[in-house]
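Below is one structure, written out as structure tokens; comments come after it.
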Amino acid sequence: MKKALIIGIDNYPSAPLSGCVNDANSMANVLEANGDGSPNFSVRLITASTNQVSKRELKQQIEELFSGDNETSLFYFAGHGCLTSVGGYIVTSDGISYDEGISMNEILQYANKSKAKNKIIILDCCHSGALGRLPDIQEDRSLLGLGLVVLTACRDSETSAEVGGNGVFTSLVVDALQGGAADLRGFITPGSIYSYVDQALGPWDQRPVFKSNITAFTSLRRINPPLATEDLRKICALFSDAAEEFALNPTYEDTDPSAVPEHCQQFKILQKYNRVNLVVPVGEEHMYYAAINSKSCRLTALGYQYWRLVNEKKL
């Protein structure tokens, strides 16, 4: 069972926001179902545009999220964040000075004590990188229990930007979940999401933070893969050795008078591999000319990775 608590707060009496409810709605929509429409996370969405989310209510919801032995428990928050002399806080609607909301390290404690196999915390708020850091430890260390992943919009010293009614960070995370961070099997993991966000934000922008204590990545969502698994598994049949080149000639191109149907079927798969960077032509820029001019094609580094997975029967 996978469950997600999604929080978005715009309603802060002294400092209202405008994009956090939108961000929470976007996250809830993308996490509820996989790319093929099958159920994914059971989502509890709590937003505050005119109403309020109190510290008491939010703490109760967080405790409930991390209770039980779920496969995955995911917490997402968009709203104000603040940094005090004793650490970071996510700010609730009723937050006031010296009682701002819920300590980020208290959230970490709930997650660390959880029996859920995978715990994911995603924060889109200012100073969110403070989650997991203890102010009395001078080194840049983080105290995360096994199975916990933390993904935050910025470092503890930075603010989190909004553009056009949405958080920059959340917009990128949603794009990643919609397929931008998927592998060739359609799986999207926290690590691939971070890589996607990290590449999109330049060195002068807010810097996302990724922390983890895991032995394997869990998939947060799956989309329809760009390459059918049955085609991917043919990679070892086409390349009996990962280092060899696949010799081509005009019989592989179905528009050529000498075309051989069996060769053409193989070439169609090789062209699919080329489109997803598993294979590149040798001596030509395009696969078509590699066939017409009797050249060859070879596996890329990514192609070798998937060849190895198929060869070892891990895919």
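Within each chain, counting starts at residue 1; across the structure tokens, chains are named A, B, ... in the order shown, with ligands numbered 1 upward in that order.
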Within 12 Å of A:Asn29, counting only C-alpha atoms, which residues qualify if same-chain residues fewer than 2 places away don't, as a VMD selection string?
chain A and resid 4 6 22 to 27 31 to 35 37 39 to 45 174 177 to 178 221
Show me a table, sorted first by chain and then by increasing residue number, of the residues of stretch 274-304 of chain A having an atom at most 9 Å from stretch 241-249 of chain A, each with its shortest atom pair and the distance in Å to one decimal, counting only C-alpha atoms and written as CSV.
residue,atom,partner,partner_atom,distance
A:Val282,CA,A:Glu245,CA,8.4
A:Ala290,CA,A:Leu248,CA,6.7
A:Ala291,CA,A:Asn249,CA,4.5
A:Ile292,CA,A:Asn249,CA,5.8
A:Asn293,CA,A:Asn249,CA,6.5
A:Ser294,CA,A:Asn249,CA,3.9
A:Lys295,CA,A:Leu248,CA,5.5
A:Ser296,CA,A:Ala247,CA,4.4
A:Cys297,CA,A:Phe246,CA,5.3
A:Arg298,CA,A:Glu245,CA,4.8
A:Leu299,CA,A:Ala242,CA,6.9
A:Gly303,CA,A:Ala242,CA,8.5
A:Tyr304,CA,A:Ala242,CA,6.1
Print the selection's residues with N, CA and C atoms to a file, as a CSV table (one decimal), in the first residue's frame.
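Result saved to result_27.csv:
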chain,number,residue,atom,x,y,z
A,282,VAL,N,27.5,3.5,-36.9
A,282,VAL,CA,28.9,3.7,-37.0
A,282,VAL,C,29.3,4.1,-38.4
A,290,ALA,N,23.4,4.1,-42.6
A,290,ALA,CA,24.2,3.0,-42.2
A,290,ALA,C,23.8,1.7,-42.9
A,291,ALA,N,22.5,1.5,-43.1
A,291,ALA,CA,22.0,0.3,-43.8
A,291,ALA,C,22.3,0.4,-45.3
A,292,ILE,N,21.9,1.6,-45.9
A,292,ILE,CA,22.1,1.7,-47.3
A,292,ILE,C,23.5,1.6,-47.8
A,293,ASN,N,24.4,2.1,-46.9
A,293,ASN,CA,25.8,2.1,-47.3
A,293,ASN,C,26.6,1.0,-46.6
A,294,SER,N,25.9,0.0,-46.1
A,294,SER,CA,26.5,-1.2,-45.6
A,294,SER,C,27.5,-0.9,-44.5
A,295,LYS,N,27.1,-0.1,-43.6
A,295,LYS,CA,27.9,0.2,-42.4
A,295,LYS,C,27.4,-0.7,-41.2
A,296,SER,N,27.5,-0.2,-40.0
A,296,SER,CA,27.1,-1.0,-38.9
A,296,SER,C,26.5,-0.1,-37.8
A,297,CYS,N,26.1,-0.7,-36.7
A,297,CYS,CA,25.7,0.1,-35.5
A,297,CYS,C,26.2,-0.6,-34.3
A,298,ARG,N,26.3,0.1,-33.2
A,298,ARG,CA,26.8,-0.4,-31.9
A,298,ARG,C,26.1,0.1,-30.7
A,299,LEU,N,26.2,-0.6,-29.6
A,299,LEU,CA,25.6,-0.2,-28.3
A,299,LEU,C,26.3,1.0,-27.8
A,303,GLY,N,23.1,1.5,-23.7
A,303,GLY,CA,22.8,0.3,-24.3
A,303,GLY,C,23.4,-0.9,-23.6
A,304,TYR,N,24.7,-0.7,-23.3
A,304,TYR,CA,25.4,-1.8,-22.6
A,304,TYR,C,24.8,-2.1,-21.2
For stretch 89-98 of chain A, list every protein, DNA or RNA residue within 9 Å, evaluated using only C-alpha atoms, and leave out those in the same chain fewer than 3 positions away; present the list as a PyMOL selection string.
chain A and resi 9-13+48+51-55+58+77-84+101-105+123+125-128+130-131
For A:Gly145, find every residue with an atom within 8 Å (counting only C-alpha atoms), except residues of its own chain fewer than 5 positions away, and show them as a short mmCIF file (atom, residue, chain, number, x, y, z; two decimals) with N, CA and C atoms, in the first residue's frame.
data_model
loop_
_atom_site.label_atom_id
_atom_site.label_comp_id
_atom_site.auth_asym_id
_atom_site.auth_seq_id
_atom_site.Cartn_x
_atom_site.Cartn_y
_atom_site.Cartn_z
N ALA A 111 9.18 10.04 10.58
CA ALA A 111 9.57 9.19 9.47
C ALA A 111 10.57 8.11 9.91
N ASN A 112 11.55 8.49 10.73
CA ASN A 112 12.56 7.54 11.17
C ASN A 112 11.96 6.41 12.01
N LYS A 113 10.91 6.71 12.75
CA LYS A 113 10.28 5.70 13.60
C LYS A 113 9.23 4.88 12.85
N ASN A 213 19.00 7.47 2.78
CA ASN A 213 19.63 6.34 3.45
C ASN A 213 18.85 5.10 3.00
#
8 Å contact set for A:Gly165, only C-alpha atoms, chain neighbours under 2 positions out, as a list of chain:residue names:
A:Ser18, A:Gly19, A:Asn22, A:Glu162, A:Val163, A:Gly167
In stretch 65-215 of chain A, what's strand (DSSP E or B) per DSSP? Answer as a count of residues only?
49
Expressed in Å, the length from atom CA of A:Ser212 to atom CA of A:Val150 is 6.1 Å
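Using only C-alpha atoms, the nearest neighbour of A:Thr215 within the list A:Leu146, A:Ser49, A:Pro16, A:Thr189 is A:Leu146.
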